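A.B. asks: So here's protein-v5.cif (mmCIF, C-alpha atoms).
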data_input
loop_
_atom_site.label_atom_id
_atom_site.label_comp_id
_atom_site.auth_asym_id
_atom_site.auth_seq_id
_atom_site.Cartn_x
_atom_site.Cartn_y
_atom_site.Cartn_z
CA MET A 244 -21.34 -9.22 7.86
CA PRO A 245 -23.47 -6.05 7.68
CA ARG A 246 -20.24 -4.05 7.85
CA VAL A 247 -18.77 -5.98 4.94
CA MET A 248 -21.97 -5.47 2.99
CA SER A 249 -22.09 -1.75 3.65
CA VAL A 250 -18.45 -1.46 2.62
CA ALA A 251 -19.21 -3.32 -0.59
CA ILE A 252 -22.23 -1.15 -1.30
CA ALA A 253 -20.37 2.06 -0.57
CA PHE A 254 -17.59 0.91 -2.85
CA LEU A 255 -20.03 0.04 -5.60
CA ILE A 256 -21.56 3.49 -5.29
CA ALA A 257 -18.11 5.05 -5.50
CA VAL A 258 -17.23 2.98 -8.53
CA LEU A 259 -20.55 3.56 -10.25
CA ALA A 260 -20.36 7.27 -9.57
CA ARG A 261 -17.34 7.49 -11.85
CA PRO A 262 -18.72 6.18 -15.12
CA VAL A 263 -21.95 8.13 -14.60
CA ALA A 264 -20.02 11.36 -14.19
CA ALA A 265 -17.52 10.57 -16.90
CA ALA A 266 -19.66 8.79 -19.44
CA ASP A 267 -18.49 10.92 -22.33
CA ALA A 268 -15.27 12.54 -21.21
CA VAL A 269 -12.73 12.44 -18.44
CA ASN A 270 -14.06 14.55 -15.63
CA PRO A 271 -11.49 15.05 -12.87
CA ASP A 272 -13.80 17.38 -10.92
CA ALA A 273 -16.60 14.81 -10.72
CA ASP A 274 -14.15 12.05 -9.82
CA PHE A 275 -12.62 14.27 -7.16
CA LYS A 276 -16.01 14.86 -5.59
CA ALA A 277 -17.03 11.18 -5.67
CA PHE A 278 -13.68 10.16 -4.16
CA ARG A 279 -13.84 12.79 -1.42
CA ASP A 280 -17.46 11.96 -0.59
CA TYR A 281 -16.70 8.25 -0.36
CA PHE A 282 -14.00 8.74 2.29
CA THR A 283 -15.69 11.45 4.30
CA LYS A 284 -18.98 9.52 4.44
CA ARG A 285 -17.28 6.26 5.32
CA PHE A 286 -15.16 7.87 8.04
CA PRO A 287 -17.37 10.68 9.38
CA ASN A 288 -15.32 10.95 12.58
CA VAL A 289 -11.99 11.48 10.86
CA PRO A 290 -11.26 15.20 10.34
CA LEU A 291 -10.45 15.83 6.67
CA ASN A 292 -6.88 16.95 7.32
CA ASP A 293 -6.19 13.89 9.47
CA PHE A 294 -6.41 11.51 6.49
CA VAL A 295 -2.81 12.49 5.65
CA ASN A 296 -1.77 10.61 8.79
CA GLY A 297 -2.70 7.35 7.10
CA PRO A 298 -3.14 4.39 9.45
CA TYR A 299 -3.02 6.68 12.51
CA SER A 300 -6.21 8.38 11.35
CA MET A 301 -7.91 4.97 11.38
CA ASP A 302 -6.61 3.39 14.59
CA ALA A 303 -6.42 5.04 18.02
CA GLU A 304 -3.97 2.53 19.49
CA LEU A 305 -1.57 2.93 16.59
CA ARG A 306 -1.83 6.72 16.91
CA LYS A 307 -0.74 6.50 20.56
CA GLN A 308 2.34 4.52 19.61
CA TRP A 309 3.15 7.04 16.89
CA GLN A 310 2.77 10.02 19.22
CA ALA A 311 5.06 8.30 21.71
CA ILE A 312 7.93 8.23 19.21
CA ASP A 313 7.21 11.59 17.61
CA ASP A 314 9.48 13.51 19.99
CA PHE A 315 12.41 11.92 18.19
CA PRO A 316 11.06 11.19 14.71
CA PRO A 317 13.00 8.51 12.87
CA TYR A 318 13.10 10.60 9.68
CA ASP A 319 14.98 13.52 11.25
CA PHE A 320 18.30 12.36 9.84
CA ALA A 321 16.81 12.46 6.33
CA ILE A 322 15.64 16.07 6.72
CA ASP A 323 19.07 17.10 8.00
CA ARG A 324 20.82 15.32 5.18
CA GLY A 325 18.51 16.83 2.56
CA LYS A 326 19.07 20.30 3.98
CA GLN A 327 22.80 19.78 3.80
CA MET A 328 22.53 18.54 0.20
CA PHE A 329 20.56 21.66 -0.71
CA ALA A 330 23.30 23.81 0.84
CA THR A 331 26.10 22.00 -1.00
CA PRO A 332 26.90 23.23 -4.53
CA PHE A 333 27.22 20.90 -7.52
CA LYS A 334 30.65 20.74 -9.18
CA ASN A 335 29.57 23.63 -11.44
CA GLY A 336 28.82 25.83 -8.42
CA LYS A 337 25.03 25.76 -8.78
CA PHE A 338 22.55 24.45 -6.20
CA TYR A 339 19.41 22.30 -6.18
CA GLY A 340 17.48 25.42 -5.30
CA ASP A 341 18.48 27.01 -8.60
CA CYS A 342 16.35 24.43 -10.46
CA PHE A 343 13.12 25.27 -8.61
CA PRO A 344 10.74 28.12 -7.98
CA ASN A 345 11.41 29.85 -4.61
CA GLN A 346 14.74 27.98 -4.37
CA GLY A 347 12.76 24.76 -3.78
CA ILE A 348 11.42 25.89 -0.41
CA GLY A 349 7.72 25.35 0.37
CA ILE A 350 6.77 24.05 -3.09
CA ARG A 351 6.22 20.31 -2.62
CA GLN A 352 2.42 20.74 -2.71
CA ASN A 353 2.61 21.73 -6.40
CA TYR A 354 4.02 18.35 -7.51
CA PRO A 355 3.42 16.51 -9.72
CA TYR A 356 2.52 19.01 -12.40
CA PHE A 357 1.66 18.77 -16.10
CA ASP A 358 4.41 20.22 -18.28
CA ASP A 359 2.67 21.77 -21.28
CA LYS A 360 5.92 21.95 -23.28
CA THR A 361 6.64 18.22 -23.17
CA GLY A 362 3.08 17.03 -22.47
CA GLU A 363 4.20 14.86 -19.57
CA ILE A 364 3.76 14.65 -15.83
CA VAL A 365 6.72 15.89 -13.80
CA THR A 366 7.02 14.56 -10.26
CA LEU A 367 9.29 16.01 -7.61
CA GLU A 368 11.60 13.00 -7.80
CA LEU A 369 11.87 13.32 -11.58
CA ALA A 370 12.50 17.08 -11.31
CA LEU A 371 15.29 16.47 -8.77
CA ASN A 372 17.12 14.02 -11.02
CA ARG A 373 16.66 16.27 -14.05
CA CYS A 374 18.16 19.05 -11.97
CA ARG A 375 21.17 16.87 -11.20
CA GLU A 376 21.62 15.88 -14.84
CA ALA A 377 21.23 19.46 -16.08
CA ASN A 378 24.08 20.35 -13.76
CA GLY A 379 26.37 17.57 -14.88
CA GLU A 380 25.69 15.20 -11.99
CA ALA A 381 24.67 11.54 -12.25
CA PRO A 382 21.04 10.84 -11.33
CA TYR A 383 20.26 9.19 -8.01
CA SER A 384 18.40 5.93 -7.59
CA TYR A 385 14.70 6.73 -7.18
CA VAL A 386 14.28 4.19 -4.41
CA LYS A 387 17.25 4.95 -2.17
CA ASP A 388 18.22 7.26 0.65
CA GLU A 389 19.72 10.19 -1.26
CA MET A 390 16.48 10.83 -3.17
CA ALA A 391 14.42 10.32 -0.01
CA SER A 392 16.58 12.85 1.84
CA LEU A 393 16.00 15.48 -0.83
CA THR A 394 12.23 14.99 -0.93
CA ALA A 395 12.11 14.75 2.89
CA TYR A 396 13.66 18.19 3.19
CA MET A 397 11.44 19.68 0.47
CA ALA A 398 8.34 18.17 2.10
CA PHE A 399 9.40 19.43 5.51
CA THR A 400 9.67 23.01 4.23
CA SER A 401 6.15 22.61 2.78
CA ARG A 402 4.37 21.12 5.79
CA GLY A 403 0.83 22.36 6.22
CA LYS A 404 0.60 23.72 2.67
CA PRO A 405 -2.42 22.24 0.90
CA PHE A 406 -1.94 20.03 -2.16
CA ASP A 407 -2.51 22.23 -5.18
CA ILE A 408 -2.43 19.97 -8.24
CA LYS A 409 -3.69 21.48 -11.47
CA ILE A 410 -5.18 19.69 -14.44
CA PRO A 411 -5.20 22.17 -17.31
CA ASP A 412 -7.75 21.85 -20.08
CA ASP A 413 -5.29 19.97 -22.28
CA PRO A 414 -6.14 16.54 -23.69
CA ARG A 415 -2.67 15.27 -22.73
CA ALA A 416 -3.12 16.26 -19.08
CA LEU A 417 -6.59 14.70 -19.01
CA ALA A 418 -5.23 11.54 -20.61
CA ALA A 419 -2.48 11.30 -17.98
CA PHE A 420 -5.05 11.67 -15.21
CA GLU A 421 -7.26 9.01 -16.77
CA LYS A 422 -4.40 6.56 -17.27
CA GLY A 423 -3.32 7.02 -13.67
CA GLU A 424 -6.87 6.50 -12.47
CA GLN A 425 -7.24 3.32 -14.55
CA TYR A 426 -3.97 1.93 -13.23
CA PHE A 427 -5.08 2.65 -9.67
CA TYR A 428 -8.33 0.71 -10.06
CA THR A 429 -6.98 -2.21 -12.12
CA ARG A 430 -6.31 -5.54 -10.42
CA ARG A 431 -2.93 -7.12 -11.05
CA GLY A 432 -0.43 -9.65 -9.80
CA GLN A 433 -0.85 -13.24 -8.71
CA LEU A 434 -2.76 -12.03 -5.65
CA ASN A 435 -5.17 -10.04 -7.85
CA PHE A 436 -5.17 -6.71 -5.99
CA SER A 437 -5.58 -3.22 -7.36
CA CYS A 438 -4.21 -0.23 -5.45
CA ALA A 439 -7.86 0.50 -4.65
CA SER A 440 -8.49 -2.99 -3.22
CA CYS A 441 -6.49 -2.07 -0.13
CA HIS A 442 -6.58 1.72 -0.06
CA VAL A 443 -10.19 2.39 -1.12
CA GLN A 444 -12.01 -0.79 -0.13
CA LEU A 445 -10.13 -1.63 3.07
CA PRO A 446 -8.61 1.40 4.80
CA GLY A 447 -8.51 0.89 8.56
CA GLU A 448 -8.70 -2.89 8.28
CA HIS A 449 -5.86 -5.09 9.47
CA ILE A 450 -3.73 -7.39 7.36
CA ARG A 451 -2.04 -9.31 10.17
CA THR A 452 -0.95 -6.45 12.46
CA GLU A 453 -0.71 -3.82 9.73
CA VAL A 454 -3.43 -1.15 9.40
CA LEU A 455 -4.21 -0.24 5.79
CA ALA A 456 -4.00 3.46 4.92
CA PRO A 457 -6.75 5.39 3.10
CA ALA A 458 -5.97 6.50 -0.46
CA LEU A 459 -7.17 10.00 0.38
CA GLY A 460 -4.07 11.96 1.39
CA ILE A 461 -1.84 8.92 1.08
CA LEU A 462 1.00 10.75 -0.67
CA ALA A 463 0.94 13.82 1.59
CA ALA A 464 3.27 12.25 4.16
CA MET A 465 5.81 10.96 1.64
CA PRO A 466 8.65 10.20 1.86
CA ILE A 467 8.23 7.94 4.88
CA TYR A 468 10.43 6.21 7.36
CA ARG A 469 9.10 2.67 7.60
CA SER A 470 10.13 0.46 10.47
CA GLU A 471 9.37 -2.51 8.21
CA TRP A 472 11.97 -1.19 5.73
CA ASN A 473 14.33 -0.06 8.46
CA GLY A 474 14.79 3.12 6.47
CA MET A 475 13.33 5.83 4.27
CA GLY A 476 11.16 5.23 1.24
CA THR A 477 10.29 7.50 -1.67
CA ILE A 478 6.99 7.46 -3.55
CA SER A 479 8.78 5.40 -6.22
CA ARG A 480 9.80 2.84 -3.61
CA ARG A 481 6.25 2.67 -2.27
CA PHE A 482 4.74 2.01 -5.73
CA VAL A 483 7.34 -0.63 -6.64
CA THR A 484 6.93 -2.39 -3.28
CA CYS A 485 3.12 -2.40 -3.54
CA ASN A 486 3.32 -4.05 -6.94
CA SER A 487 5.80 -6.65 -5.66
CA GLN A 488 3.67 -7.40 -2.61
CA VAL A 489 0.70 -8.39 -4.76
CA ARG A 490 3.16 -10.49 -6.79
CA GLY A 491 2.84 -8.28 -9.82
CA VAL A 492 5.67 -7.03 -12.00
CA PRO A 493 6.63 -3.51 -10.88
CA LEU A 494 7.18 -0.81 -13.48
CA PRO A 495 10.54 0.95 -13.55
CA PRO A 496 10.56 3.78 -10.97
CA GLN A 497 9.21 7.01 -12.49
CA ASP A 498 7.72 5.11 -15.42
CA GLU A 499 5.18 7.29 -17.20
CA LEU A 500 2.32 5.24 -15.71
CA TYR A 501 3.62 5.58 -12.14
CA ARG A 502 3.83 9.34 -12.67
CA ASP A 503 0.25 9.31 -13.94
CA VAL A 504 -0.85 7.42 -10.81
CA GLU A 505 0.92 10.01 -8.67
CA TYR A 506 -0.81 12.78 -10.63
CA PHE A 507 -4.22 11.16 -10.12
CA LEU A 508 -3.72 10.43 -6.41
CA SER A 509 -2.28 13.85 -5.64
CA TYR A 510 -5.11 15.62 -7.44
CA MET A 511 -7.57 13.58 -5.37
CA SER A 512 -5.86 14.94 -2.25
CA ASN A 513 -6.09 18.58 -3.30
CA GLY A 514 -6.64 20.79 -0.27
CA LEU A 515 -5.10 18.34 2.19
CA PRO A 516 -1.91 19.49 3.90
CA ILE A 517 1.59 18.22 3.14
CA ALA A 518 2.70 16.23 6.17
CA GLY A 519 5.96 14.69 5.00
CA PRO A 520 8.27 13.26 5.86
CA GLY A 521 6.22 10.69 7.73
CA ALA A 522 6.81 7.66 9.93
CA ARG A 523 4.97 4.38 9.50
CA PRO A 524 5.27 0.97 11.19
CA MET B 1206 6.21 -44.14 8.69
CA ARG B 1207 4.48 -41.97 11.26
CA CYS B 1208 7.40 -42.48 13.55
CA GLY B 1209 9.81 -41.47 10.80
CA ARG B 1210 7.92 -38.26 10.07
CA LYS B 1211 7.86 -37.37 13.75
CA THR B 1212 11.57 -37.95 14.06
CA ALA B 1213 12.12 -35.72 11.07
CA GLN B 1214 9.96 -32.97 12.60
CA ILE B 1215 11.85 -33.16 15.88
CA ALA B 1216 15.07 -32.87 13.92
CA VAL B 1217 13.72 -29.78 12.14
CA ILE B 1218 12.66 -28.23 15.43
CA PHE B 1219 16.04 -28.97 16.94
CA ALA B 1220 17.90 -27.61 13.94
CA SER B 1221 15.87 -24.43 13.97
CA LEU B 1222 16.39 -23.96 17.68
CA VAL B 1223 20.10 -24.23 17.07
CA LEU B 1224 19.82 -21.74 14.22
CA GLY B 1225 17.65 -19.47 16.33
CA GLU B 1226 14.70 -19.39 13.95
CA ALA B 1227 11.03 -20.08 14.44
CA PRO B 1228 10.50 -23.79 13.80
CA PHE B 1229 7.61 -23.44 11.38
CA ALA B 1230 5.78 -20.78 9.50
CA ASP B 1231 5.08 -17.68 11.52
CA GLY B 1232 1.81 -17.26 13.33
CA ILE B 1233 1.86 -20.65 15.01
CA VAL B 1234 1.48 -20.45 18.73
CA SER B 1235 3.14 -23.69 19.66
CA ALA B 1236 5.42 -26.12 17.92
CA GLN B 1237 5.09 -28.67 20.69
CA THR B 1238 2.64 -30.75 18.71
CA PRO B 1239 3.16 -31.71 15.09
CA VAL B 1240 1.68 -29.14 12.73
CA PRO B 1241 -0.80 -30.54 10.22
CA PRO B 1242 0.28 -29.70 6.67
CA GLY B 1243 -2.94 -27.79 6.05
CA GLN B 1244 -2.22 -25.53 9.01
CA ALA B 1245 1.29 -24.82 7.80
CA LEU B 1246 -0.15 -23.84 4.39
CA ALA B 1247 -2.88 -21.70 5.98
CA PHE B 1248 -0.42 -19.75 8.12
CA ASP B 1249 2.52 -19.50 5.70
CA ARG B 1250 2.80 -16.00 4.21
CA SER B 1251 4.06 -17.36 0.90
CA LYS B 1252 1.29 -19.93 0.49
CA GLY B 1253 -2.29 -19.83 1.83
CA ASN B 1254 -1.59 -16.92 4.16
CA CYS B 1255 -5.20 -17.12 5.46
CA LEU B 1256 -4.12 -15.50 8.74
CA THR B 1257 -3.31 -12.22 7.03
CA CYS B 1258 -7.04 -11.58 6.62
CA HIS B 1259 -8.83 -14.15 8.82
CA GLU B 1260 -8.82 -14.96 12.50
CA ILE B 1261 -8.10 -18.68 12.99
CA ARG B 1262 -7.86 -20.46 16.34
CA GLY B 1263 -4.20 -21.21 16.99
CA GLY B 1264 -2.85 -18.36 14.83
CA ASN B 1265 -1.08 -15.26 16.13
CA ALA B 1266 -1.90 -11.66 15.17
CA PRO B 1267 -4.54 -12.33 12.51
CA GLY B 1268 -5.98 -9.70 10.19
CA ASN B 1269 -9.68 -8.80 10.04
CA VAL B 1270 -10.38 -8.19 6.36
CA GLY B 1271 -12.41 -11.41 6.06
CA PRO B 1272 -14.66 -13.22 8.55
CA PRO B 1273 -13.13 -15.42 11.29
CA LEU B 1274 -12.61 -19.00 10.13
CA ALA B 1275 -14.45 -20.84 12.90
CA ASP B 1276 -17.22 -23.48 13.02
CA MET B 1277 -16.27 -24.33 9.50
CA LYS B 1278 -17.94 -27.73 9.29
CA PRO B 1279 -21.44 -26.54 10.23
CA ARG B 1280 -21.02 -23.36 8.18
CA PHE B 1281 -19.77 -25.17 5.08
CA PRO B 1282 -21.18 -28.70 5.16
CA ASP B 1283 -20.55 -28.86 1.40
CA ARG B 1284 -16.83 -29.26 0.94
CA ASN B 1285 -17.11 -28.23 -2.71
CA GLU B 1286 -18.45 -24.82 -1.73
CA LEU B 1287 -15.41 -24.14 0.44
CA ALA B 1288 -13.12 -25.39 -2.32
CA ALA B 1289 -14.80 -23.06 -4.81
CA ILE B 1290 -14.32 -20.05 -2.51
CA ILE B 1291 -10.63 -20.79 -2.09
CA PHE B 1292 -10.22 -21.52 -5.80
CA ASP B 1293 -11.70 -18.19 -6.91
CA GLU B 1294 -14.08 -16.22 -4.71
CA THR B 1295 -14.27 -13.38 -7.25
CA LYS B 1296 -16.40 -15.69 -9.40
CA ARG B 1297 -19.14 -15.47 -6.77
CA ASN B 1298 -18.38 -11.95 -5.56
CA PRO B 1299 -16.51 -9.78 -8.08
CA LEU B 1300 -15.68 -7.22 -5.39
CA SER B 1301 -13.99 -9.75 -3.13
CA VAL B 1302 -10.32 -9.02 -2.44
CA MET B 1303 -9.66 -12.67 -1.62
CA PRO B 1304 -6.88 -13.88 -3.93
CA PRO B 1305 -8.02 -16.58 -6.37
CA PHE B 1306 -5.75 -19.25 -4.91
CA GLY B 1307 -6.62 -21.94 -7.43
CA ARG B 1308 -7.13 -19.87 -10.57
CA ASN B 1309 -3.87 -17.97 -10.09
CA LEU B 1310 -1.92 -21.10 -9.11
CA ILE B 1311 -1.07 -19.88 -5.62
CA LEU B 1312 -2.13 -23.26 -4.22
CA THR B 1313 -2.44 -26.59 -6.04
CA HIS B 1314 -5.65 -28.63 -5.85
CA GLU B 1315 -3.95 -30.94 -3.35
CA GLU B 1316 -2.91 -27.97 -1.21
CA ILE B 1317 -6.45 -26.55 -1.27
CA GLU B 1318 -7.79 -29.94 -0.10
CA SER B 1319 -5.19 -29.97 2.65
CA VAL B 1320 -6.18 -26.47 3.80
CA ILE B 1321 -9.84 -27.56 3.87
CA ASP B 1322 -8.92 -30.58 6.02
CA PHE B 1323 -7.33 -28.18 8.47
CA LEU B 1324 -10.19 -25.63 8.34
CA TYR B 1325 -12.66 -28.41 9.18
CA THR B 1326 -10.84 -28.80 12.49
CA ARG B 1327 -11.55 -25.15 13.37
#
Once more with this new file: its structure as structure tokens, please.
C.D. replies:
Amino acid sequence: MPRVMSVAIAFLIAVLARPVAAADAVNPDADFKAFRDYFTKRFPNVPLNDFVNGPYSMDAELRKQWQAIDDFPPYDFAIDRGKQMFATPFKNGKFYGDCFPNQGIGIRQNYPYFDDKTGEIVTLELALNRCREANGEAPYSYVKDEMASLTAYMAFTSRGKPFDIKIPDDPRALAAFEKGEQYFYTRRGQLNFSCASCHVQLPGEHIRTEVLAPALGILAAMPIYRSEWNGMGTISRRFVTCNSQVRGVPLPPQDELYRDVEYFLSYMSNGLPIAGPGARP
Amino acid sequence: MRCGRKTAQIAVIFASLVLGEAPFADGIVSAQTPVPPGQALAFDRSKGNCLTCHEIRGGNAPGNVGPPLADMKPRFPDRNELAAIIFDETKRNPLSVMPPFGRNLILTHEEIESVIDFLYTR
């Protein structure tokens, strides 16, 4: 009971810290600090960079099981496939790499970014499909293996690089951040959960045998191989599945709001290393 | 009537053995004895799903988000208090993550009463 109380109090402090800091205007810096402080104070024994390992950072037994399979990671096939896709030209002779800075190598930590020409948030998944369409190819499903293979390879070439999400002083960028933040903290679905219910209030706790992951660093290991899914999952797939699991109505993958949530969450993880692709139970 | 229900349950168990599936909702240790309806609701992932967050005697692999559901009768002598918690705990504690089973129509009033009958045996 004292543990539950202290969790509730810590959460209240975290929640109250936001409006105080952002009473007049959106203040990503203040929110970043409150968010970071909440997790590091609640889990003083977890090294900052270890949060990207999700449930393994919270549970020693689970970490052992993960390390036991890590010699032959279940996502290897996705990296290989993504690498091959990057090396294969489109029908017009161009490559994925031609759509990205540095040929798409080692850049995952910069996504999503705010595009000041269109005023919208561009995620890596969105940029990949726009690349395909610009080169006369049909877009891939955002929740299936082809997209996961591409992002797996791009994440793999970026491992260890710290998240570097920028929020320029542009009202549209600030609005996107704020909308993503609101979505993250809003309860929904028949089961009445927000994203934060599980990933801010309850990281490390068990729902049946599953260990809930902390929101800090939660996108750094994407895409992930999930044993539960028996396959790879993109960030889009993760968001859609979360909404379904609380018996809410998922948004279409890469909906503007989902991109805003990704922008918010990734900014909150600034400085933490890319660790994708990952493996989860 | 009792006899008929028991025969039906045995038939279900037999059919599920033939089909190779767990006889009742997951989380139940043994299907040797008839499962009270409240227990089936409490363990079923699509209904009460109490086991996902609470330890309950007789349930496999429980979660630990909420307190263990034990000694329920002495802890909640007032049945209405327990019913109110299951109906909508966020009314009492806005930060609770417990789904509002009654308010959001996850369980009917009859099903909530049935779950309480079962919890009073724990």
A.B. asks: For the atom pair atom CA of B:Gly1253 and atom CA of A:Tyr426, what is the interatomic distance in Å to one decimal place?
C.D. replies: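 Computing the Euclidean distance for atom CA of B:Gly1253 and atom CA of A:Tyr426 yields 26.5 Å.
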A.B. asks: Report as a ChimeraX atom specification the residues that result from applying the PyMOL selection byres ((chain B) within 9 of (chain A)) to the structure here.
C.D. replies: /B:1256-1259,1265-1272,1300-1306,1309-1311
A.B. asks: How many Å lie between atom CA of B:Leu1312 and atom CA of B:Leu1324, rounded to one decimal?
C.D. replies: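 Separating atom CA of B:Leu1312 from atom CA of B:Leu1324 is a distance of 15.1 Å.
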A.B. asks: Show me the residues close to (17.4, 21.7, -8.3) - anything with an atom within 9 Å, counting only C-alpha atoms - and format the list as a PyMOL selection string.
C.D. replies: chain A and resi 329+337-343+346-347+370-375+377-378
A.B. asks: Assuming the chain letters and numbering stay as they are in my file, what does the PyMOL selection byres ((chain B and resi 1317) around 12) actually select? List them as a PyMOL selection string.
C.D. replies: chain B and resi 1242-1244+1246-1247+1252-1253+1255+1284-1285+1287-1293+1305-1308+1310-1316+1318-1324
A.B. asks: Could those selected residues go to a file with C-alpha atoms, as a compact mmCIF listing (two decimals), in the coordinates of the input?
C.D. replies:
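result23.txt, written as the output of this step:
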# COMPACT_ATOMS: atom_id res chain seq x y z
CA PRO B 1242 0.28 -29.70 6.67
CA GLY B 1243 -2.94 -27.79 6.05
CA GLN B 1244 -2.22 -25.53 9.01
CA LEU B 1246 -0.15 -23.84 4.39
CA ALA B 1247 -2.88 -21.70 5.98
CA LYS B 1252 1.29 -19.93 0.49
CA GLY B 1253 -2.29 -19.83 1.83
CA CYS B 1255 -5.20 -17.12 5.46
CA ARG B 1284 -16.83 -29.26 0.94
CA ASN B 1285 -17.11 -28.23 -2.71
CA LEU B 1287 -15.41 -24.14 0.44
CA ALA B 1288 -13.12 -25.39 -2.32
CA ALA B 1289 -14.80 -23.06 -4.81
CA ILE B 1290 -14.32 -20.05 -2.51
CA ILE B 1291 -10.63 -20.79 -2.09
CA PHE B 1292 -10.22 -21.52 -5.80
CA ASP B 1293 -11.70 -18.19 -6.91
CA PRO B 1305 -8.02 -16.58 -6.37
CA PHE B 1306 -5.75 -19.25 -4.91
CA GLY B 1307 -6.62 -21.94 -7.43
CA ARG B 1308 -7.13 -19.87 -10.57
CA LEU B 1310 -1.92 -21.10 -9.11
CA ILE B 1311 -1.07 -19.88 -5.62
CA LEU B 1312 -2.13 -23.26 -4.22
CA THR B 1313 -2.44 -26.59 -6.04
CA HIS B 1314 -5.65 -28.63 -5.85
CA GLU B 1315 -3.95 -30.94 -3.35
CA GLU B 1316 -2.91 -27.97 -1.21
CA GLU B 1318 -7.79 -29.94 -0.10
CA SER B 1319 -5.19 -29.97 2.65
CA VAL B 1320 -6.18 -26.47 3.80
CA ILE B 1321 -9.84 -27.56 3.87
CA ASP B 1322 -8.92 -30.58 6.02
CA PHE B 1323 -7.33 -28.18 8.47
CA LEU B 1324 -10.19 -25.63 8.34
A.B. asks: Interatomic distance between atom CA of A:Lys276 and atom CA of A:Pro355?
C.D. replies: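 Atom-to-atom, atom CA of A:Lys276 and atom CA of A:Pro355 are spaced 19.9 Å apart.
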A.B. asks: Show me, as number ranges by chain, the residues that have an atom within 12 Å of A:Tyr299 when counting all atoms listed in the file, minus same-chain residues fewer than 3 positions from it.
C.D. replies: A: 289, 293-296, 302-310, 446-448, 453-457, 461, 464, 521-524
A.B. asks: Please enumerate the residues selected by the PyMOL selection byres ((chain A and resi 491-499) around 7) when evaluated against the supplied file, formatted as a CSV table (one decimal) with C-alpha atoms, in the coordinates of the input.
C.D. replies:
chain,number,residue,atom,x,y,z
A,369,LEU,CA,11.9,13.3,-11.6
A,385,TYR,CA,14.7,6.7,-7.2
A,431,ARG,CA,-2.9,-7.1,-11.0
A,432,GLY,CA,-0.4,-9.6,-9.8
A,433,GLN,CA,-0.8,-13.2,-8.7
A,479,SER,CA,8.8,5.4,-6.2
A,483,VAL,CA,7.3,-0.6,-6.6
A,486,ASN,CA,3.3,-4.0,-6.9
A,487,SER,CA,5.8,-6.6,-5.7
A,489,VAL,CA,0.7,-8.4,-4.8
A,490,ARG,CA,3.2,-10.5,-6.8
A,500,LEU,CA,2.3,5.2,-15.7
A,501,TYR,CA,3.6,5.6,-12.1
A,502,ARG,CA,3.8,9.3,-12.7
A,503,ASP,CA,0.2,9.3,-13.9
A.B. asks: For A:Ala398, work out the shell of residues within 12 Å, counting only C-alpha atoms and skipping chain neighbours fewer than 3 positions away, then give it as a CSV table (one decimal) with C-alpha atoms, in the coordinates of the input.
C.D. replies:
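Result file out_32.csv:
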chain,number,residue,atom,x,y,z
A,318,TYR,CA,13.1,10.6,9.7
A,321,ALA,CA,16.8,12.5,6.3
A,322,ILE,CA,15.6,16.1,6.7
A,325,GLY,CA,18.5,16.8,2.6
A,326,LYS,CA,19.1,20.3,4.0
A,347,GLY,CA,12.8,24.8,-3.8
A,348,ILE,CA,11.4,25.9,-0.4
A,349,GLY,CA,7.7,25.4,0.4
A,350,ILE,CA,6.8,24.0,-3.1
A,351,ARG,CA,6.2,20.3,-2.6
A,352,GLN,CA,2.4,20.7,-2.7
A,353,ASN,CA,2.6,21.7,-6.4
A,354,TYR,CA,4.0,18.4,-7.5
A,367,LEU,CA,9.3,16.0,-7.6
A,368,GLU,CA,11.6,13.0,-7.8
A,391,ALA,CA,14.4,10.3,0.0
A,392,SER,CA,16.6,12.8,1.8
A,393,LEU,CA,16.0,15.5,-0.8
A,394,THR,CA,12.2,15.0,-0.9
A,395,ALA,CA,12.1,14.8,2.9
A,401,SER,CA,6.2,22.6,2.8
A,402,ARG,CA,4.4,21.1,5.8
A,403,GLY,CA,0.8,22.4,6.2
A,404,LYS,CA,0.6,23.7,2.7
A,405,PRO,CA,-2.4,22.2,0.9
A,406,PHE,CA,-1.9,20.0,-2.2
A,462,LEU,CA,1.0,10.8,-0.7
A,463,ALA,CA,0.9,13.8,1.6
A,464,ALA,CA,3.3,12.2,4.2
A,465,MET,CA,5.8,11.0,1.6
A,466,PRO,CA,8.6,10.2,1.9
A,467,ILE,CA,8.2,7.9,4.9
A,477,THR,CA,10.3,7.5,-1.7
A,516,PRO,CA,-1.9,19.5,3.9
A,517,ILE,CA,1.6,18.2,3.1
A,518,ALA,CA,2.7,16.2,6.2
A,519,GLY,CA,6.0,14.7,5.0
A,520,PRO,CA,8.3,13.3,5.9
A,521,GLY,CA,6.2,10.7,7.7
A.B. asks: Do a neighbour search on A:Leu417 at 10 Å with all atoms listed in the file, toss out local chain neighbours closer than 6 positions, and write the hits as a list in words.
C.D. replies: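 Counting only the stated atoms, we get Ala268, Val269, Asn270, Pro271, Phe357, Ile410, Pro411, Gly423 and Phe507 of chain A.
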A.B. asks: Take the residues just selected and output them with C-alpha atoms as a compact mmCIF listing (two decimals), in the coordinates of the input.
C.D. replies:
# COMPACT_ATOMS: atom_id res chain seq x y z
CA ALA A 268 -15.27 12.54 -21.21
CA VAL A 269 -12.73 12.44 -18.44
CA ASN A 270 -14.06 14.55 -15.63
CA PRO A 271 -11.49 15.05 -12.87
CA PHE A 357 1.66 18.77 -16.10
CA ILE A 410 -5.18 19.69 -14.44
CA PRO A 411 -5.20 22.17 -17.31
CA GLY A 423 -3.32 7.02 -13.67
CA PHE A 507 -4.22 11.16 -10.12
